[in-house]
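Following: one structure in structure tokens, then a few remarks.
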Amino acid sequence: MTQSSQAQAMMLLTVSLGKSGNADDRPLSAREWSRLAAWLNERGMEPSDLLKGGLKSTLSGWMDRSVTLSRLDHLIGRGGMLGLAIERWRRAGIWVIARPEPEYPERVKRRLQQASPPILFGCGNKALLDRGGLAVVGSRNASREDLEFAENFGSAAAQQGFSIVSGGARGVDERAMLGALGNDGTAIGVLADSLLRAGTSERFRKHLLAGDLVLVTPFNPEAGFNVGNAMSRNRCIYCLAETAIVISSTPDRGGTWNGALEDLKAAWVPLWVKRTENESSGNPELVRRGGRWLPDDLSSLMCLMNASTDESDVDQPGLPLFEAPQRDAVR
Amino acid sequence: MTLASRSVARNLLQVALDDQAADFRQGQWEAINALVNRRGRLLVVQRTGWGKSSVYFIATRILRDGGRGPTLIVSPLLALMRNQIQAAGRLGIRAETINSTNRQDWPSLQQDVRRGKVDALLISPERLANDEFVENVLMPISDGIGLLVVDEAHCISDWGHDFRPDYRRLANVIRHMPENVPILGTTATANNRVIEDVRTQLGRVGVQRGVLMRESLALQNLELPSQSARLAWLAEHVEALPGTGIVYTLTRRDADQVARWLQARGISASPYYSDARSEGFEDSDSYRRHVEEQLLQNEIKALVATSALGMGYDKPDLGFVIHYQAPGSIVAYYQQVGRAGRAISHAVGIMMSGHEDERIHEYFRRTAFPEEEWVQDILTRLGKGDGLTIRQLEGAVNLRSGQIQQVLKHLSVESVSPVIKSGSTWRRTPVPYQMDRAKIQRLTNQRESEWNEVQEYVGESGCLMKFLAEALDDIDPQPCGKCASCTGRPVVDASYSRETATDAARFLGRSEFPLECKKQVASGAFTKYDFTANLREAYRANTGRVLSRWGDAGWGSLVAEGKHDGRFRDELVDAAADMLNHRWIPSPWPNWVTCVPSTRHPNLVADYSRRLAEALELPFEPIVTKIKENEPQKLQQNRYHQCRNLDGVFAISGQLPAGPVLLVDDVIDSRWTMTIVAALLRRAGSGPVWPFALATASIGA
């Protein structure tokens, strides 16, 4: 399979390849890319037109403070490197989906709009990307109880036919995903780094081979860990899912906390928060800011899906999930 | 977007060639124009000497002046030829190569490449297939790659006679390169089917074809089936052939043997093959470059080479190319014989074919692909866990290190592969894998039909050059007027004297070679014997001898026959005694003879050893006994398993005679048995051990 020239042009412009030193040469952000794509679109052009002929004439009239012609020229000139990089990634079983392509997950595009990642790298069963499911998030060093809960939650989801969407990191993410996969369920892992390593690791390989798992990342599949990347992939976790569950969070810092607040603000999916005895947990504060306590009874997870974050729904009588004190807390 | 006009490019050509009157040969400007002004992709099929390096150096100059990145030249050549570097220098192009011969310069070269100070970088396909090299050198090139040149592009094709796995990787890289990277593929040898295949692999590539016929080359075939006849002919005729040249053989050991024979007959000839080494040279590369240079300077009459001396070796005044054995395909033959007579008016190409050729090609076809079972073993093992190094794999699967390498190579050039190398470990990817049996069968059939075409050439009664040109789909094949068929008289005299042939037969019968036992054993494999990784000096055998290669001309066929009949003939006793008495002459001379015992054929080796001891007038003392039944050693495929299979198997029983001992075995392969029995003898208090074997089973290809 070879990539379309659209996808090639988008990768040249937005994916970091190798160790790039110069800040002026950095790849375009999702928003920068969106500006350029819109400009091209207005003029009846496509990204692949940037690969033909002279860039100067193709982009005559393009004015952008951060996306300069020389930056674009440099990025477009990385074709040799792109060939080398993609060949290696393809060899490891990694595929690429560009935003305009039909396989690109519809939920992400609809929710993130201009901010949706231009390129997704992945391995495993692509079809799972549009299956939705339950996002499970939590910190890396969660308590044993929380880890066990994550795993049980994953297996409950599997038994009820729901996918788990998570970050693939050690800790809560991995336990929830493996909880589902271990019970013939399916999972989506959205990685912030090292897709190639994760895809060739023992813990995920057999599930990828069996078609029960898909791993995706918006970043170079061999990129190392980076806080900024980890934050921005969190959005994709929420946006690929139908509802989200916070297992554990640390107040005022860390990816879980920020990601959850971002979801509350953007109202992508309902945010459920696991109850905890731990006094240093950020979970109660998340509920104060608009999250809702996760019910103890996990026998009907469907209810987590249907509820919207709209307060009127919460107050509807007949929902057995909520007790009065928590209902107050929603405000 | 036009970067340069024809006249600008022509000026550059004149500078490059240092010739004010120079103008482009047909096709050169068209190629440059397509690359620099249209960023095109082009496959150029032109004979060697057409001037492809002018095309890519001029294109490099123009692209660099236009602010583009450096040119990457992928070529099987070790280095650019001197005249090419001069031409590049005149254009102000800094051309460098990064290969195994200049390892000490790598850090500074890599830095210069990354900083864009190098205008053209020449690397081998193997280097391009090395993930660390790609990551550390190519990916960081700040300006990107301005032009990609693929030398010997026919290797990309599955249909090519010498399809190479690393080229397949290269084809995949190219397929993932966006259309704005200009690419030039060059080859002197590609028939229509190969061209078509390269086109499909590379996508959207234009093709330019020139005439392939060689006017100065006179061809002739010589039918001399026996090795001694061919050696005799070479000894009597090579010196009189025009200039200097190449003698091609199919295997390394034939290259060694023919070179030694020619040297013995006073003809200056050196062997050449991948991994050829010689005393006084640090490694194989430095030796090979030395002899390449000697031939270039006409300091030796001939190189005796395998196909490793091939692509890109550019010596305009090469006077002759002789094939000691027939190559596997007409394309390969054209390519090799086509090295002769590029810039001189008369050169000769002689093809001899021997009765062993068929067997060797059959072996090549049979071993071209790894066995499915090996592939499954390795994938199963890698499927557990997070990756293994090659050494760890050797401990985990019963395969030879060469077989493991072959499997990993085969798998890792798949466009979507079940394995990937990460650092020093191999990891299983999440990709289901099935060996493509149909494809392997197709390629094997293809090789068979290519070999049949060579047989047709051997029996051809018409013009030989026309036969080659037609097989290569040349645009205008004509009778050459120079070959033995066209002129009606031989290009070279086919006769040789009976005396020389007898000498050659004797030479073949004396083709024994040194037997070096192992110095290191696999650690942890000898728990019973308690041998540690480094075998103690006091336990090691001296350098012994092997009389022949299994099944080969010389004594090898008699050994095979003896093994089959259950008794080695007396000729083999005489041959060994003759060798010991007159050529080997081990010192200190052995006081007694013993042998490696076998439970499957208890008498075969013992009987032979007893007779050999009699001939040497020494006592035979069968004191090595087998105390444990083990699996045949030939089923053990790598060092760990070969060692472990021998642990506790042999014992020394009875009174050990004093003094040096001759240790005899019939057919050896990995040499582990000899190593261990010698060590046991020495540990039991024997004198120095001289190992001797009738034959080695390894083919030496």
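Chains: A, B, ... in order of the structure tokens. Residues: from 1 per chain. Ligands: from 1, in order shown.
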**Report entry** Residues of chain A within 8 Å of chain B, counting only C-alpha atoms, as a PyMOL selection string
**Finding:** chain A and resi 2-3+5+8-9+17-20+51-54+74+77-84+86-87+90-93+123-124+199-202+205-206+208-209
Query raised in the report: Could you pull the residues within 6 Å of segment 172-187 of chain A, counting only C-alpha atoms, minus those fewer than 5 positions along the same chain, as a PyMOL selection string?
Result: chain A and resi 138+147+150-151+154-155+158+163-167+212-213
Query raised in the report: Quick one: residues within 10 Å of Glu356 of chain B, only C-alpha atoms counted, chain neighbours fewer than 5 positions away excluded, as a ChimeraX atom specification?
Result: /B:225-227,250,325-326,361,552-553
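Distance check against Met231 of chain A using only C-alpha atoms: of A:Glu262, A:Asp297, A:Thr243, A:Phe204, the minimum falls on A:Glu262.
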Query raised in the report: What separation in Å, quoted to one decimal, exists between atom CA of Asp570 of chain B and atom CA of Gly544 of chain B?
Result: 21.1 Å
Requested in this report: Give the strand (DSSP E) residues of segment 78-269 of chain A, as DSSP finds them on the backbone, and put them as a PyMOL selection string.
Outcome: chain A and resi 95-98+119-124+134-137+164-166+187-190+213-217+243-246
Query - Counting only C-alpha atoms, the residue of B:Glu516, B:Asp314, B:Glu561, B:Glu373 that sits nearest Ala541 of chain B - result: B:Glu516
Report summary line: What separates atom CA of Pro586 of chain B and atom CA of Thr675 of chain B is a distance of 18.0 Å
Requested in this report: Counting only C-alpha atoms, figure out which residue out of A:Ile237, A:Ile76, A:Ala142, A:Val287 gets nearest to Ser249 of chain A.
Outcome: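 Once distances to Ser249 of chain A are computed over only C-alpha atoms, the minimum belongs to A:Ala142.
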Report task. Would you kindly return, as a list in words, each protein, DNA or RNA residue with an atom no farther than 10 Å from any atom of Ala98 of chain A, considering only C-alpha atoms and excluding same-chain residues fewer than 6 positions away? Result -> Gln3, Ser4, Gln6, Ala7, Gln8, Ala9, Met10, Met11, Tyr104, Pro117, Pro118, Ile119, Leu120 and Phe121 of chain A
Write a file of the just-selected residues containing C-alpha atoms, as a PDB file, in the first residue's frame.
```pdb
ATOM      1  CA  GLN A   3       0.191   6.651   0.581  1.00  0.00           C
ATOM      2  CA  SER A   4      -1.857   9.082  -1.440  1.00  0.00           C
ATOM      3  CA  GLN A   6      -2.379  14.188  -0.210  1.00  0.00           C
ATOM      4  CA  ALA A   7      -1.277  12.241   2.814  1.00  0.00           C
ATOM      5  CA  GLN A   8       2.357  12.549   1.765  1.00  0.00           C
ATOM      6  CA  ALA A   9       2.104  16.325   1.530  1.00  0.00           C
ATOM      7  CA  MET A  10       0.356  16.498   4.903  1.00  0.00           C
ATOM      8  CA  MET A  11       2.989  14.345   6.539  1.00  0.00           C
ATOM      9  CA  TYR A 104     -10.218   9.058   9.701  1.00  0.00           C
ATOM     10  CA  PRO A 117      -4.613  15.947  14.272  1.00  0.00           C
ATOM     11  CA  PRO A 118      -3.813  16.113  10.537  1.00  0.00           C
ATOM     12  CA  ILE A 119      -2.235  12.648  10.619  1.00  0.00           C
ATOM     13  CA  LEU A 120      -2.880   9.565  12.712  1.00  0.00           C
ATOM     14  CA  PHE A 121      -0.350   6.747  12.817  1.00  0.00           C
TER      15      PHE A 121
END
```
Requested in this report: Return as a PyMOL selection string the full set of residues in segment 164-228 of chain A whose backbone-based DSSP assignment is alpha helix (DSSP H).
Outcome: chain A and resi 172-181+195-199+202-210+227-228
Query - Using only C-alpha atoms: which of B:Ile404, B:Val150, B:Val375, B:Val247 has the shortest distance to Gly349 of chain B - result: B:Val247
Report task. Could you check which of A:Pro100, A:Leu240, A:Asp296, A:Pro221 is closest to Arg131 of chain A, using only C-alpha atoms? Result ->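 Checking each of A:Pro100, A:Leu240, A:Asp296, A:Pro221 against Arg131 of chain A, counting only C-alpha atoms, the winner is A:Leu240.
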Report task. Using only C-alpha atoms, find the one residue out of B:Thr306, B:Glu293, B:Trp584, B:Gln455 that sits nearest to Tyr272 of chain B. Result ->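 Once distances to Tyr272 of chain B are computed over only C-alpha atoms, the minimum belongs to B:Thr306.
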Query raised in the report: In Å, how far is it from atom CA of Leu77 of chain B to atom CA of Val113 of chain B?
Result: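 Interatomic distance, atom CA of Leu77 of chain B to atom CA of Val113 of chain B: 19.4 Å.
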Query - Polymer residues at most 12 Å from Thr250 of chain A, only C-alpha atoms, same-chain spacing of 6 or more positions, as a PyMOL selection string - result: chain A and resi 137-142+256-260+278-286
Keeping only N, CA and C atoms, write the selected residues as an mmCIF file, in the first residue's frame.
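Saved the output as result-v9.cif:
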```
data_model
loop_
_atom_site.group_PDB
_atom_site.id
_atom_site.type_symbol
_atom_site.label_atom_id
_atom_site.label_comp_id
_atom_site.auth_asym_id
_atom_site.auth_seq_id
_atom_site.Cartn_x
_atom_site.Cartn_y
_atom_site.Cartn_z
ATOM 1 N N VAL A 137 -9.440 7.128 32.084
ATOM 2 C CA VAL A 137 -8.202 7.866 32.315
ATOM 3 C C VAL A 137 -7.854 7.832 33.796
ATOM 4 N N GLY A 138 -6.585 8.021 34.069
ATOM 5 C CA GLY A 138 -6.136 8.004 35.461
ATOM 6 C C GLY A 138 -4.643 8.150 35.486
ATOM 7 N N SER A 139 -4.117 8.441 36.651
ATOM 8 C CA SER A 139 -2.682 8.703 36.682
ATOM 9 C C SER A 139 -1.902 7.389 36.637
ATOM 10 N N ARG A 140 -0.632 7.544 36.273
ATOM 11 C CA ARG A 140 0.262 6.416 36.105
ATOM 12 C C ARG A 140 0.450 5.662 37.429
ATOM 13 N N ASN A 141 0.651 6.446 38.510
ATOM 14 C CA ASN A 141 0.899 5.797 39.796
ATOM 15 C C ASN A 141 -0.348 5.816 40.668
ATOM 16 N N ALA A 142 -1.356 5.132 40.201
ATOM 17 C CA ALA A 142 -2.595 5.038 40.963
ATOM 18 C C ALA A 142 -2.440 3.979 42.061
ATOM 19 N N THR A 256 -4.106 13.898 33.489
ATOM 20 C CA THR A 256 -5.472 13.462 33.755
ATOM 21 C C THR A 256 -6.342 14.648 34.153
ATOM 22 N N TRP A 257 -5.819 15.436 35.078
ATOM 23 C CA TRP A 257 -6.534 16.608 35.590
ATOM 24 C C TRP A 257 -6.873 17.580 34.459
ATOM 25 N N ASN A 258 -5.835 17.943 33.708
ATOM 26 C CA ASN A 258 -6.047 18.928 32.644
ATOM 27 C C ASN A 258 -6.961 18.406 31.552
ATOM 28 N N GLY A 259 -6.778 17.148 31.231
ATOM 29 C CA GLY A 259 -7.608 16.552 30.190
ATOM 30 C C GLY A 259 -9.069 16.551 30.592
ATOM 31 N N ALA A 260 -9.309 16.205 31.867
ATOM 32 C CA ALA A 260 -10.690 16.148 32.343
ATOM 33 C C ALA A 260 -11.333 17.534 32.302
ATOM 34 N N ASN A 278 -9.508 8.642 49.184
ATOM 35 C CA ASN A 278 -8.218 9.343 49.230
ATOM 36 C C ASN A 278 -8.423 10.856 49.288
ATOM 37 N N GLU A 279 -7.890 11.458 50.352
ATOM 38 C CA GLU A 279 -8.171 12.873 50.563
ATOM 39 C C GLU A 279 -7.387 13.778 49.634
ATOM 40 N N SER A 280 -6.252 13.285 49.138
ATOM 41 C CA SER A 280 -5.466 14.141 48.241
ATOM 42 C C SER A 280 -5.941 14.026 46.798
ATOM 43 N N SER A 281 -6.959 13.215 46.555
ATOM 44 C CA SER A 281 -7.417 13.017 45.181
ATOM 45 C C SER A 281 -8.093 14.273 44.634
ATOM 46 N N GLY A 282 -7.942 14.477 43.351
ATOM 47 C CA GLY A 282 -8.607 15.601 42.695
ATOM 48 C C GLY A 282 -10.029 15.265 42.271
ATOM 49 N N ASN A 283 -10.436 14.021 42.493
ATOM 50 C CA ASN A 283 -11.738 13.587 41.976
ATOM 51 C C ASN A 283 -12.914 14.437 42.475
ATOM 52 N N PRO A 284 -13.011 14.724 43.813
ATOM 53 C CA PRO A 284 -14.164 15.528 44.261
ATOM 54 C C PRO A 284 -14.220 16.894 43.570
ATOM 55 N N GLU A 285 -13.033 17.468 43.373
ATOM 56 C CA GLU A 285 -13.003 18.784 42.736
ATOM 57 C C GLU A 285 -13.512 18.696 41.288
ATOM 58 N N LEU A 286 -13.187 17.597 40.613
ATOM 59 C CA LEU A 286 -13.688 17.430 39.242
ATOM 60 C C LEU A 286 -15.207 17.364 39.238
#
```
**Report entry** Contacts of Val331 of chain B within 9 Å, only C-alpha atoms, excl. fewer than 2 positions in-chain, as a PyMOL selection string
**Finding:** chain B and resi 160-161+189-191+328-329+333-336+450+468+471-472
Query raised in the report: If you count only C-alpha atoms, which residues fall within 9 Å of Tyr324 of chain B, apart from same-chain ones fewer than 6 positions away, as an MDAnalysis selection string?
Result: chainID B and resid 227 230:231 234 247:250 254 258 350:354
Those residues you just picked out, can you put them in a file as a compact mmCIF listing (two decimals), in the first residue's frame with N, CA and C atoms?
```txt
# COMPACT_ATOMS: atom_id res chain seq x y z
N GLN B 227 37.79 -29.96 -14.96
CA GLN B 227 38.51 -28.84 -14.35
C GLN B 227 39.98 -28.84 -14.77
N ARG B 230 40.37 -27.22 -18.13
CA ARG B 230 40.21 -25.77 -18.10
C ARG B 230 41.42 -25.09 -17.46
N LEU B 231 41.91 -25.70 -16.38
CA LEU B 231 43.10 -25.12 -15.74
C LEU B 231 44.28 -25.13 -16.71
N LEU B 234 43.90 -22.38 -19.28
CA LEU B 234 44.21 -21.07 -18.69
C LEU B 234 45.73 -20.89 -18.57
N VAL B 247 39.02 -13.48 -14.58
CA VAL B 247 38.54 -14.86 -14.73
C VAL B 247 37.42 -15.03 -13.71
N TYR B 248 36.20 -15.29 -14.17
CA TYR B 248 35.09 -15.45 -13.25
C TYR B 248 34.87 -16.91 -12.87
N THR B 249 34.68 -17.15 -11.57
CA THR B 249 34.31 -18.49 -11.09
C THR B 249 32.98 -18.38 -10.36
N LEU B 250 32.38 -19.53 -10.08
CA LEU B 250 31.08 -19.48 -9.39
C LEU B 250 31.21 -19.44 -7.88
N ASP B 254 36.61 -21.95 -5.74
CA ASP B 254 37.15 -22.05 -7.10
C ASP B 254 38.02 -20.83 -7.41
N VAL B 258 41.76 -21.53 -8.54
CA VAL B 258 42.24 -21.12 -9.86
C VAL B 258 43.37 -20.10 -9.71
N ILE B 350 35.56 -15.10 -23.24
CA ILE B 350 35.57 -16.55 -23.43
C ILE B 350 34.68 -17.19 -22.37
N MET B 351 33.73 -17.98 -22.79
CA MET B 351 32.95 -18.74 -21.81
C MET B 351 33.30 -20.21 -21.87
N MET B 352 33.81 -20.71 -20.74
CA MET B 352 34.01 -22.15 -20.62
C MET B 352 32.88 -22.66 -19.75
N SER B 353 32.49 -23.89 -19.94
CA SER B 353 31.47 -24.40 -19.03
C SER B 353 31.91 -25.77 -18.55
N GLY B 354 31.70 -26.02 -17.28
CA GLY B 354 32.19 -27.27 -16.70
C GLY B 354 31.04 -28.17 -16.30
```
